[in-house]
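Below is one structure, written out as structure tokens; the observations come after it.
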Amino acid sequence: MPGRHAAADLRPRRHHGRGRGLLVLVVALALIIPTAAFLGVRELGASAGSKSASCEGTVRIRVAAAPEIVAPLKAVTARVEKDKVPVGGACLTFGVTAVSPRDMFTRLSTEHGSDDANTPDLWVPDTFEWVARTGIPPSRVLALSPSLAASPMVLATTQAEVEKLGGDADNWSTLATSGHMAVADAERSGVALSALLGVRRSVTGEAEEARSKLGTVLIKLAKDHVDDLGRELAQADTQTGLQRGVPASEQQVLSFTRDHSDTDVVAVAPKNGTVLLDYPLVAIRHGSARTDRIAAAGAALARFADAPQGRETFRKAGFRDYRDLAPPAKNSDVGSVKVLPPVTLHDADDVLRSWAALSLESRLLAVVDVSGSMAAAAGSRSRIELARDAAGTALSYFPDKGEVGLWEFSELRDGTRDYRELAKTAELSATHRAELAKVLAKLPSQVSGGTGLYDTFLAAYRTAQNGYDDARVNSVVLLTDGKDEDRTGVSLTQLLNTLKNEADPARPISVILVGIGPQADLAALGKIADATGGRAYRARDPQDMEGIVIDALLRRQCGATCN
């Protein structure tokens with residue numbers, strides 16, 4: 001899927017010791033590029049840029065760079081041009097253009113022509129995550145430098161909020177929740193992705209526990225995600241000021257406060273560690289001869305960027321030296337930072353997949369068992385209270401653009417039918433939320449009768465198919481505590497055969513089945529889930545329900561195929 005990561009050998013290994021020169025940088029590069037290509041870059045880096053060499057004519061190298069690094073990068077390339085650095089006998093010149101990393105990623109993942117005259121030669125995204133994702137063919141790019149400059153991820157907030165946070169600024173997970181953090185689409189924003197990777201690094205526990213903790217945070221963030229983090233930060237310069245914390249790079253905050261010195265904006269970095277935006281230098285492969293020239297030009301650019309004058313240029317622009325990460329300004333809010341180790345490719349992939357699932361708009365039909373046995377105890381509450389509270393929790397996670405409907409069921413609940421509609425499937429406006437809350441509150445008083453499970457599920461499945469919206473994830477969620485007791489309705493075999501016959505790959509329905517308590521027929525629910533590509537869960541007590549809701553939301557994109 002878009003956003004997944006490529007093989008591990010593409011990811012740069014970062015080293016932050018002091019005094020590292022080009023030779024150490026080259027050694028680091030050996031970890032991330034093929035040996036043959038590495039040797040060529042090393043030789044070019046040693047020869048390119050000698051002032052004693054002469055050059056005639058020019059060779060122009062096109063550079064696409066993240067907008068915030070364009071100005072210092074232009075200053076560095078101007079020095080390369082002034083020194084008349086030769087490549088193949090011609091003098092190097094550069095054209096540096098601001099291009100969003102997302103746009104460049106999209107271009108490289110959809111265009112495979114090796115000699116496209118409009119394709120840039122060098123690329124400086126804000127984070128190596130763009131390069132490491134699948135979508136860009138490995139043969140299309142060549143990593144030249146793990147970092148031209150660096151900037152730690154921070155939370156831009158107000159002084160009052162910093163004081164409220166107090167000791168809750170330990171990690172990205174607490175900043176995201178206690179700091180009321182806004183977040184944009186992680187598939188489009190390197191800053192948003194870096195913030196979410198920071199959250200992932202801060203959660204602990206075994207795999208499933210960590211995944212649930214991450215899901216809890218992501219759900220809260222996804223519910224109210226914003227379109228653009230830059231516009232959100234710009235609210236600080238309005239009468240209302242910042243209403244929520246905004247994840248940003250330190251450089252972005254320093255640049256903003258330099259231009260808006262009277263605004264109430266403070267940068268906070270988690271005490272236990274943060275994530276770096278690392279601004280790698282990447283060559284775009286063209287024909288073999290031009291690729292050699294591009295690699296030589298990139299080696300020269302990296303050498304000038306790594307020189308003391310180059311480092312000072314980036315520092316004045318608000319970036320840190322990637323070698324020691326010293327603060328770029330004496331009055332920095334952040335000071336020294338601890339850098340979290342990179343996440344594994346699996347974890348990064350899981351973050352993006354989870355975010356994509358939670359960002360999807362939903363059309364959901366919830367179906368709740370109100371048969372007599374639902375009055376039995378489930379921990380400190382009855383089963384129907386557990387189901388009601390679980391439905392209420394799930395609703396709180398859905399954004400206002402989601403669509404939700406509600407049925408109840410038991411034998412002959414509505415004339416000859418085993419189910420009854422309590423609320424039509426509609427967008428979650430304030431009015432519809434209030435309607436759903438009202439009918440959910442009444443569920444415990446509706447308990448009676450046997451369990452008409454199979455007829456009800458078939459009707460719910462067909463209703464979801466008939467109302468299918470191809471712009472949304474279409475789901476049926478059913479909660480029950482028992483076995484089917486309707487002797488006049490369809491059998492399990494008939495139900496399974498019908499579901500298999502009526503399944504439409506063009507209109508997939510995400511099915512979530514929850515068996516509440518020990519008497520729930522999980523074997524039958526599992527067979528129904530298998531027949532529909534869904535998933536069945538057992539909830540024994542209230543503590544199980546939130547985890548089930550989170551897991552179900554995270555799996556909406558892949559159903560039973562999720563690992």
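Following the order of the structure tokens, chains are lettered A, B, ..., residues in each are numbered from 1, and ligands are numbered from 1.
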
- Task: Give the alpha helix (DSSP H) residues of range 75-233 of chain A, as assigned by DSSP on the backbone, as an NGL selection string.
- Result: :A and (75-82 or 101-110 or 129-132 or 159-165 or 172-178 or 190-202 or 207-223 or 229-233)

- Task: Excluding Asp126 in chain A and residues on its chain fewer than 4 positions from it, collect all residues at most 7 Å away from it, counting only C-alpha atoms, and give them as JSON, numbers by chain.
- Result: {"A": [66, 101, 190, 277, 278, 279]}

- Taking the DSSP assignment computed from this structure's backbone, write out as a PyMOL selection string all residues of range 46-168 of chain A that belong to strand (DSSP E or B). chain A and resi 58-65+86-87+90-98+122-124+133+141-145+150-157

Kindly save the residues from that selection, with N, CA and C atoms included, as an mmCIF file, in the first residue's frame.
```cif
data_model
loop_
_atom_site.group_PDB
_atom_site.id
_atom_site.type_symbol
_atom_site.label_atom_id
_atom_site.label_comp_id
_atom_site.auth_asym_id
_atom_site.auth_seq_id
_atom_site.Cartn_x
_atom_site.Cartn_y
_atom_site.Cartn_z
ATOM 1 N N THR A 58 29.412 24.810 -18.727
ATOM 2 C CA THR A 58 28.704 24.499 -17.484
ATOM 3 C C THR A 58 27.885 23.228 -17.631
ATOM 4 N N VAL A 59 27.670 22.572 -16.506
ATOM 5 C CA VAL A 59 26.703 21.484 -16.410
ATOM 6 C C VAL A 59 25.744 21.866 -15.290
ATOM 7 N N ARG A 60 24.460 21.940 -15.610
ATOM 8 C CA ARG A 60 23.472 22.417 -14.640
ATOM 9 C C ARG A 60 22.786 21.232 -13.971
ATOM 10 N N ILE A 61 22.761 21.280 -12.646
ATOM 11 C CA ILE A 61 22.136 20.228 -11.843
ATOM 12 C C ILE A 61 20.873 20.786 -11.197
ATOM 13 N N ARG A 62 19.773 20.104 -11.425
ATOM 14 C CA ARG A 62 18.480 20.549 -10.871
ATOM 15 C C ARG A 62 18.251 19.880 -9.523
ATOM 16 N N VAL A 63 17.961 20.701 -8.517
ATOM 17 C CA VAL A 63 17.781 20.204 -7.154
ATOM 18 C C VAL A 63 16.362 20.523 -6.685
ATOM 19 N N ALA A 64 15.642 19.500 -6.265
ATOM 20 C CA ALA A 64 14.318 19.676 -5.639
ATOM 21 C C ALA A 64 14.508 19.530 -4.137
ATOM 22 N N ALA A 65 14.096 20.532 -3.375
ATOM 23 C CA ALA A 65 14.357 20.522 -1.937
ATOM 24 C C ALA A 65 13.110 20.893 -1.155
ATOM 25 N N PRO A 86 34.690 21.457 -11.079
ATOM 26 C CA PRO A 86 34.490 20.763 -12.360
ATOM 27 C C PRO A 86 33.861 19.380 -12.196
ATOM 28 N N VAL A 87 33.015 19.048 -13.112
ATOM 29 C CA VAL A 87 32.502 17.688 -13.258
ATOM 30 C C VAL A 87 32.558 17.357 -14.746
ATOM 31 N N ALA A 90 33.340 20.298 -17.094
ATOM 32 C CA ALA A 90 32.434 21.445 -17.110
ATOM 33 C C ALA A 90 32.242 21.973 -15.693
ATOM 34 N N CYS A 91 31.952 23.261 -15.586
ATOM 35 C CA CYS A 91 31.764 23.893 -14.271
ATOM 36 C C CYS A 91 30.342 23.631 -13.763
ATOM 37 N N LEU A 92 30.266 23.264 -12.479
ATOM 38 C CA LEU A 92 28.966 22.960 -11.879
ATOM 39 C C LEU A 92 28.134 24.218 -11.663
ATOM 40 N N THR A 93 26.864 24.168 -12.044
ATOM 41 C CA THR A 93 25.877 25.172 -11.649
ATOM 42 C C THR A 93 24.648 24.425 -11.151
ATOM 43 N N PHE A 94 23.870 25.104 -10.323
ATOM 44 C CA PHE A 94 22.710 24.452 -9.715
ATOM 45 C C PHE A 94 21.456 25.312 -9.877
ATOM 46 N N GLY A 95 20.348 24.660 -10.013
ATOM 47 C CA GLY A 95 19.045 25.304 -9.920
ATOM 48 C C GLY A 95 18.275 24.645 -8.794
ATOM 49 N N VAL A 96 18.062 25.362 -7.693
ATOM 50 C CA VAL A 96 17.402 24.801 -6.508
ATOM 51 C C VAL A 96 15.958 25.282 -6.478
ATOM 52 N N THR A 97 15.021 24.339 -6.424
ATOM 53 C CA THR A 97 13.596 24.646 -6.456
ATOM 54 C C THR A 97 12.900 24.035 -5.251
ATOM 55 N N ALA A 98 11.995 24.791 -4.668
ATOM 56 C CA ALA A 98 11.202 24.280 -3.544
ATOM 57 C C ALA A 98 10.132 23.328 -4.066
ATOM 58 N N LEU A 122 18.861 15.981 -8.175
ATOM 59 C CA LEU A 122 19.092 15.748 -6.753
ATOM 60 C C LEU A 122 17.832 16.096 -5.979
ATOM 61 N N TRP A 123 17.658 15.424 -4.865
ATOM 62 C CA TRP A 123 16.456 15.620 -4.043
ATOM 63 C C TRP A 123 16.877 15.723 -2.581
ATOM 64 N N VAL A 124 16.346 16.735 -1.895
ATOM 65 C CA VAL A 124 16.579 16.893 -0.458
ATOM 66 C C VAL A 124 15.215 16.946 0.240
ATOM 67 N N ARG A 133 10.160 4.527 1.637
ATOM 68 C CA ARG A 133 8.856 3.920 1.367
ATOM 69 C C ARG A 133 8.869 3.139 0.064
ATOM 70 N N VAL A 141 16.649 5.743 -7.311
ATOM 71 C CA VAL A 141 17.307 6.704 -6.429
ATOM 72 C C VAL A 141 18.626 6.151 -5.903
ATOM 73 N N LEU A 142 19.502 7.056 -5.500
ATOM 74 C CA LEU A 142 20.792 6.695 -4.928
ATOM 75 C C LEU A 142 21.067 7.640 -3.764
ATOM 76 N N ALA A 143 21.182 7.090 -2.545
ATOM 77 C CA ALA A 143 21.440 7.915 -1.367
ATOM 78 C C ALA A 143 22.885 8.381 -1.378
ATOM 79 N N LEU A 144 23.110 9.710 -1.285
ATOM 80 C CA LEU A 144 24.454 10.278 -1.319
ATOM 81 C C LEU A 144 24.930 10.747 0.048
ATOM 82 N N SER A 145 24.035 11.250 0.866
ATOM 83 C CA SER A 145 24.398 11.724 2.201
ATOM 84 C C SER A 145 23.233 11.484 3.136
ATOM 85 N N ALA A 150 19.915 19.079 10.151
ATOM 86 C CA ALA A 150 18.967 18.349 10.991
ATOM 87 C C ALA A 150 18.134 19.323 11.806
ATOM 88 N N SER A 151 16.958 18.878 12.180
ATOM 89 C CA SER A 151 16.118 19.681 13.062
ATOM 90 C C SER A 151 15.232 18.739 13.870
ATOM 91 N N PRO A 152 15.280 18.835 15.196
ATOM 92 C CA PRO A 152 14.459 17.937 16.019
ATOM 93 C C PRO A 152 12.990 18.309 15.961
ATOM 94 N N MET A 153 12.147 17.296 16.081
ATOM 95 C CA MET A 153 10.710 17.523 16.169
ATOM 96 C C MET A 153 10.372 18.093 17.541
ATOM 97 N N VAL A 154 9.507 19.122 17.542
ATOM 98 C CA VAL A 154 9.062 19.746 18.787
ATOM 99 C C VAL A 154 7.556 19.926 18.726
ATOM 100 N N LEU A 155 6.984 20.311 19.851
ATOM 101 C CA LEU A 155 5.572 20.705 19.885
ATOM 102 C C LEU A 155 5.538 22.213 20.069
ATOM 103 N N ALA A 156 4.952 22.918 19.107
ATOM 104 C CA ALA A 156 4.774 24.364 19.224
ATOM 105 C C ALA A 156 3.489 24.610 20.003
ATOM 106 N N THR A 157 3.612 25.296 21.122
ATOM 107 C CA THR A 157 2.456 25.535 21.977
ATOM 108 C C THR A 157 2.601 26.898 22.653
#
```

- Message: Neighbouring residues of Tyr322 in chain A were defined as those with any atom within 7 Å, considering only C-alpha atoms; residues of the same chain fewer than 3 positions away were excluded. Please report them as a ChimeraX atom specification.
- Response: /A:16,147,149-150,325

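Note that CA of Ala464 in chain A and CA of Asp530 in chain A are 17.6 Å apart.
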
- Of A:Asp521, A:Glu427, A:Asp264, A:Glu403, the one nearest to Glu161 in chain A when counting only C-alpha atoms is A:Asp264

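Proximity to range 515-517 of chain A at 9 Å, evaluated using only C-alpha atoms and with sequence-adjacent residues fewer than 2 positions away removed, yields Met374, Ala377, Ala378, Arg383, Leu386, Ala387, Leu478, Leu479, Thr480, Asp481, Gly482, Leu513, Gln519, Ala520, Asp521, Leu522, Leu525, Ala536, Tyr537, Arg538, Ala539, Arg540 and Asp541 of chain A.
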
Could the residues in this selection be written to a file with N, CA and C atoms, as a PDB file, in the first residue's frame?
```pdb
ATOM      1  N   MET A 374     -28.973 -11.107  27.831  1.00  0.00           N
ATOM      2  CA  MET A 374     -28.100  -9.940  27.908  1.00  0.00           C
ATOM      3  C   MET A 374     -28.225  -9.212  29.254  1.00  0.00           C
ATOM      4  N   ALA A 377     -24.875 -10.844  34.267  1.00  0.00           N
ATOM      5  CA  ALA A 377     -23.735 -10.026  34.670  1.00  0.00           C
ATOM      6  C   ALA A 377     -22.531 -10.258  33.771  1.00  0.00           C
ATOM      7  N   ALA A 378     -21.793  -9.180  33.530  1.00  0.00           N
ATOM      8  CA  ALA A 378     -20.502  -9.232  32.844  1.00  0.00           C
ATOM      9  C   ALA A 378     -19.562  -8.361  33.666  1.00  0.00           C
ATOM     10  N   ARG A 383     -24.437  -7.587  30.662  1.00  0.00           N
ATOM     11  CA  ARG A 383     -23.928  -7.684  29.296  1.00  0.00           C
ATOM     12  C   ARG A 383     -24.481  -6.579  28.405  1.00  0.00           C
ATOM     13  N   LEU A 386     -22.639  -3.467  29.093  1.00  0.00           N
ATOM     14  CA  LEU A 386     -21.322  -3.548  28.478  1.00  0.00           C
ATOM     15  C   LEU A 386     -21.407  -3.228  26.989  1.00  0.00           C
ATOM     16  N   ALA A 387     -22.394  -3.809  26.313  1.00  0.00           N
ATOM     17  CA  ALA A 387     -22.587  -3.552  24.881  1.00  0.00           C
ATOM     18  C   ALA A 387     -22.938  -2.084  24.637  1.00  0.00           C
ATOM     19  N   LEU A 478     -21.675  -6.305  14.981  1.00  0.00           N
ATOM     20  CA  LEU A 478     -22.737  -6.991  15.722  1.00  0.00           C
ATOM     21  C   LEU A 478     -22.203  -7.476  17.068  1.00  0.00           C
ATOM     22  N   LEU A 479     -22.948  -7.196  18.139  1.00  0.00           N
ATOM     23  CA  LEU A 479     -22.589  -7.635  19.485  1.00  0.00           C
ATOM     24  C   LEU A 479     -23.674  -8.575  19.997  1.00  0.00           C
ATOM     25  N   THR A 480     -23.272  -9.752  20.483  1.00  0.00           N
ATOM     26  CA  THR A 480     -24.233 -10.743  20.964  1.00  0.00           C
ATOM     27  C   THR A 480     -23.622 -11.575  22.073  1.00  0.00           C
ATOM     28  N   ASP A 481     -24.488 -12.165  22.903  1.00  0.00           N
ATOM     29  CA  ASP A 481     -23.971 -12.996  24.001  1.00  0.00           C
ATOM     30  C   ASP A 481     -24.368 -14.463  23.891  1.00  0.00           C
ATOM     31  N   GLY A 482     -25.086 -14.816  22.840  1.00  0.00           N
ATOM     32  CA  GLY A 482     -25.620 -16.174  22.823  1.00  0.00           C
ATOM     33  C   GLY A 482     -25.516 -16.885  21.501  1.00  0.00           C
ATOM     34  N   LEU A 513     -17.619  -8.934  14.556  1.00  0.00           N
ATOM     35  CA  LEU A 513     -18.558  -9.673  15.403  1.00  0.00           C
ATOM     36  C   LEU A 513     -17.955  -9.811  16.797  1.00  0.00           C
ATOM     37  N   GLN A 519     -21.084 -17.630  27.136  1.00  0.00           N
ATOM     38  CA  GLN A 519     -22.070 -18.395  26.365  1.00  0.00           C
ATOM     39  C   GLN A 519     -22.138 -18.011  24.893  1.00  0.00           C
ATOM     40  N   ALA A 520     -21.455 -16.961  24.517  1.00  0.00           N
ATOM     41  CA  ALA A 520     -21.504 -16.529  23.118  1.00  0.00           C
ATOM     42  C   ALA A 520     -20.941 -17.637  22.210  1.00  0.00           C
ATOM     43  N   ASP A 521     -21.614 -17.879  21.089  1.00  0.00           N
ATOM     44  CA  ASP A 521     -21.219 -18.933  20.150  1.00  0.00           C
ATOM     45  C   ASP A 521     -20.097 -18.410  19.252  1.00  0.00           C
ATOM     46  N   LEU A 522     -18.886 -18.390  19.796  1.00  0.00           N
ATOM     47  CA  LEU A 522     -17.771 -17.817  19.047  1.00  0.00           C
ATOM     48  C   LEU A 522     -17.423 -18.669  17.829  1.00  0.00           C
ATOM     49  N   LEU A 525     -19.726 -17.403  15.184  1.00  0.00           N
ATOM     50  CA  LEU A 525     -19.316 -16.055  14.805  1.00  0.00           C
ATOM     51  C   LEU A 525     -18.040 -16.107  13.958  1.00  0.00           C
ATOM     52  N   ALA A 536     -13.895 -11.974  14.287  1.00  0.00           N
ATOM     53  CA  ALA A 536     -14.725 -12.248  15.459  1.00  0.00           C
ATOM     54  C   ALA A 536     -13.877 -12.114  16.722  1.00  0.00           C
ATOM     55  N   TYR A 537     -14.472 -11.531  17.769  1.00  0.00           N
ATOM     56  CA  TYR A 537     -13.789 -11.327  19.047  1.00  0.00           C
ATOM     57  C   TYR A 537     -14.655 -11.881  20.175  1.00  0.00           C
ATOM     58  N   ARG A 538     -14.003 -12.180  21.310  1.00  0.00           N
ATOM     59  CA  ARG A 538     -14.746 -12.491  22.530  1.00  0.00           C
ATOM     60  C   ARG A 538     -14.416 -11.443  23.585  1.00  0.00           C
ATOM     61  N   ALA A 539     -15.451 -10.901  24.209  1.00  0.00           N
ATOM     62  CA  ALA A 539     -15.283  -9.939  25.297  1.00  0.00           C
ATOM     63  C   ALA A 539     -15.821 -10.553  26.577  1.00  0.00           C
ATOM     64  N   ARG A 540     -14.926 -10.777  27.531  1.00  0.00           N
ATOM     65  CA  ARG A 540     -15.351 -11.388  28.793  1.00  0.00           C
ATOM     66  C   ARG A 540     -15.675 -10.355  29.861  1.00  0.00           C
ATOM     67  N   ASP A 541     -15.073  -9.176  29.757  1.00  0.00           N
ATOM     68  CA  ASP A 541     -15.293  -8.155  30.776  1.00  0.00           C
ATOM     69  C   ASP A 541     -15.129  -6.779  30.137  1.00  0.00           C
TER      70      ASP A 541
END
```

- Message: So that I can see what lies close to Gln159 in chain A, please list as number ranges by chain the residues with an atom at most 7 Å from it, counting only C-alpha atoms and leaving out residues fewer than 3 positions away in the same chain.
- Response: A: 162-163, 264-266

- Query: Using only C-alpha atoms, which of the listed residues (A:Val99, A:Val367, A:Ala434, A:Leu148) sits closest to Ser475 in chain A?
  - Reply: A:Val367

- Residue nearest Ala375 in chain A - candidates A:Tyr397, A:Asp418, A:Gly449, A:Asp333, atoms counted: only C-alpha atoms: A:Gly449

Excluding Arg420 in chain A and its own-chain neighbours fewer than 4 positions away, which residues fall within 7 Å of it when counting only C-alpha atoms? Please give them as a PDB file with all heavy atoms, in the first residue's frame.
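around-v8.pdb was written with the following content:
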```pdb
ATOM      1  N   TRP A 407     -29.326  -0.854  15.137  1.00  0.00           N
ATOM      2  CA  TRP A 407     -30.433  -1.808  15.261  1.00  0.00           C
ATOM      3  C   TRP A 407     -30.320  -2.516  16.609  1.00  0.00           C
ATOM      4  O   TRP A 407     -29.228  -2.628  17.179  1.00  0.00           O
ATOM      5  CB  TRP A 407     -30.343  -2.897  14.192  1.00  0.00           C
ATOM      6  CG  TRP A 407     -30.648  -2.493  12.780  1.00  0.00           C
ATOM      7  CD1 TRP A 407     -30.881  -1.247  12.279  1.00  0.00           C
ATOM      8  CD2 TRP A 407     -30.731  -3.392  11.666  1.00  0.00           C
ATOM      9  NE1 TRP A 407     -31.098  -1.294  10.936  1.00  0.00           N
ATOM     10  CE2 TRP A 407     -31.016  -2.605  10.529  1.00  0.00           C
ATOM     11  CE3 TRP A 407     -30.585  -4.763  11.511  1.00  0.00           C
ATOM     12  CZ2 TRP A 407     -31.165  -3.160   9.262  1.00  0.00           C
ATOM     13  CZ3 TRP A 407     -30.720  -5.320  10.247  1.00  0.00           C
ATOM     14  CH2 TRP A 407     -31.021  -4.529   9.142  1.00  0.00           C
ATOM     15  N   GLU A 408     -31.447  -3.041  17.073  1.00  0.00           N
ATOM     16  CA  GLU A 408     -31.467  -4.001  18.176  1.00  0.00           C
ATOM     17  C   GLU A 408     -32.090  -5.290  17.652  1.00  0.00           C
ATOM     18  O   GLU A 408     -32.817  -5.267  16.652  1.00  0.00           O
ATOM     19  CB  GLU A 408     -32.287  -3.471  19.363  1.00  0.00           C
ATOM     20  CG  GLU A 408     -33.752  -3.250  19.049  1.00  0.00           C
ATOM     21  CD  GLU A 408     -34.557  -2.754  20.246  1.00  0.00           C
ATOM     22  OE1 GLU A 408     -33.953  -2.450  21.286  1.00  0.00           O
ATOM     23  OE2 GLU A 408     -35.801  -2.671  20.137  1.00  0.00           O
ATOM     24  N   PHE A 409     -31.780  -6.427  18.312  1.00  0.00           N
ATOM     25  CA  PHE A 409     -32.382  -7.667  17.841  1.00  0.00           C
ATOM     26  C   PHE A 409     -32.592  -8.674  18.971  1.00  0.00           C
ATOM     27  O   PHE A 409     -31.838  -8.715  19.953  1.00  0.00           O
ATOM     28  CB  PHE A 409     -31.555  -8.305  16.714  1.00  0.00           C
ATOM     29  CG  PHE A 409     -30.284  -9.001  17.161  1.00  0.00           C
ATOM     30  CD1 PHE A 409     -30.263 -10.383  17.359  1.00  0.00           C
ATOM     31  CD2 PHE A 409     -29.108  -8.291  17.350  1.00  0.00           C
ATOM     32  CE1 PHE A 409     -29.099 -11.038  17.741  1.00  0.00           C
ATOM     33  CE2 PHE A 409     -27.937  -8.937  17.731  1.00  0.00           C
ATOM     34  CZ  PHE A 409     -27.926 -10.317  17.929  1.00  0.00           C
ATOM     35  N   ARG A 413     -38.622  -9.370  17.262  1.00  0.00           N
ATOM     36  CA  ARG A 413     -38.485  -8.045  17.878  1.00  0.00           C
ATOM     37  C   ARG A 413     -39.428  -7.031  17.247  1.00  0.00           C
ATOM     38  O   ARG A 413     -39.936  -6.127  17.898  1.00  0.00           O
ATOM     39  CB  ARG A 413     -37.027  -7.592  17.744  1.00  0.00           C
ATOM     40  CG  ARG A 413     -36.690  -6.181  18.179  1.00  0.00           C
ATOM     41  CD  ARG A 413     -37.042  -5.817  19.605  1.00  0.00           C
ATOM     42  NE  ARG A 413     -36.640  -6.757  20.613  1.00  0.00           N
ATOM     43  CZ  ARG A 413     -36.685  -6.512  21.921  1.00  0.00           C
ATOM     44  NH1 ARG A 413     -37.108  -5.335  22.353  1.00  0.00           N
ATOM     45  NH2 ARG A 413     -36.340  -7.431  22.779  1.00  0.00           N
ATOM     46  N   ASP A 414     -39.682  -7.178  15.931  1.00  0.00           N
ATOM     47  CA  ASP A 414     -40.548  -6.230  15.220  1.00  0.00           C
ATOM     48  C   ASP A 414     -41.482  -7.007  14.311  1.00  0.00           C
ATOM     49  O   ASP A 414     -41.185  -7.264  13.151  1.00  0.00           O
ATOM     50  CB  ASP A 414     -39.683  -5.267  14.403  1.00  0.00           C
ATOM     51  CG  ASP A 414     -40.503  -4.144  13.773  1.00  0.00           C
ATOM     52  OD1 ASP A 414     -41.678  -3.976  14.153  1.00  0.00           O
ATOM     53  OD2 ASP A 414     -39.959  -3.440  12.903  1.00  0.00           O
TER      54      ASP A 414
END
```

- Do a neighbour search on range 543-548 of chain A at 7 Å with only C-alpha atoms, toss out local chain neighbours closer than 4 positions, and write the hits as a ChimeraX atom specification. /A:212,390,539,552
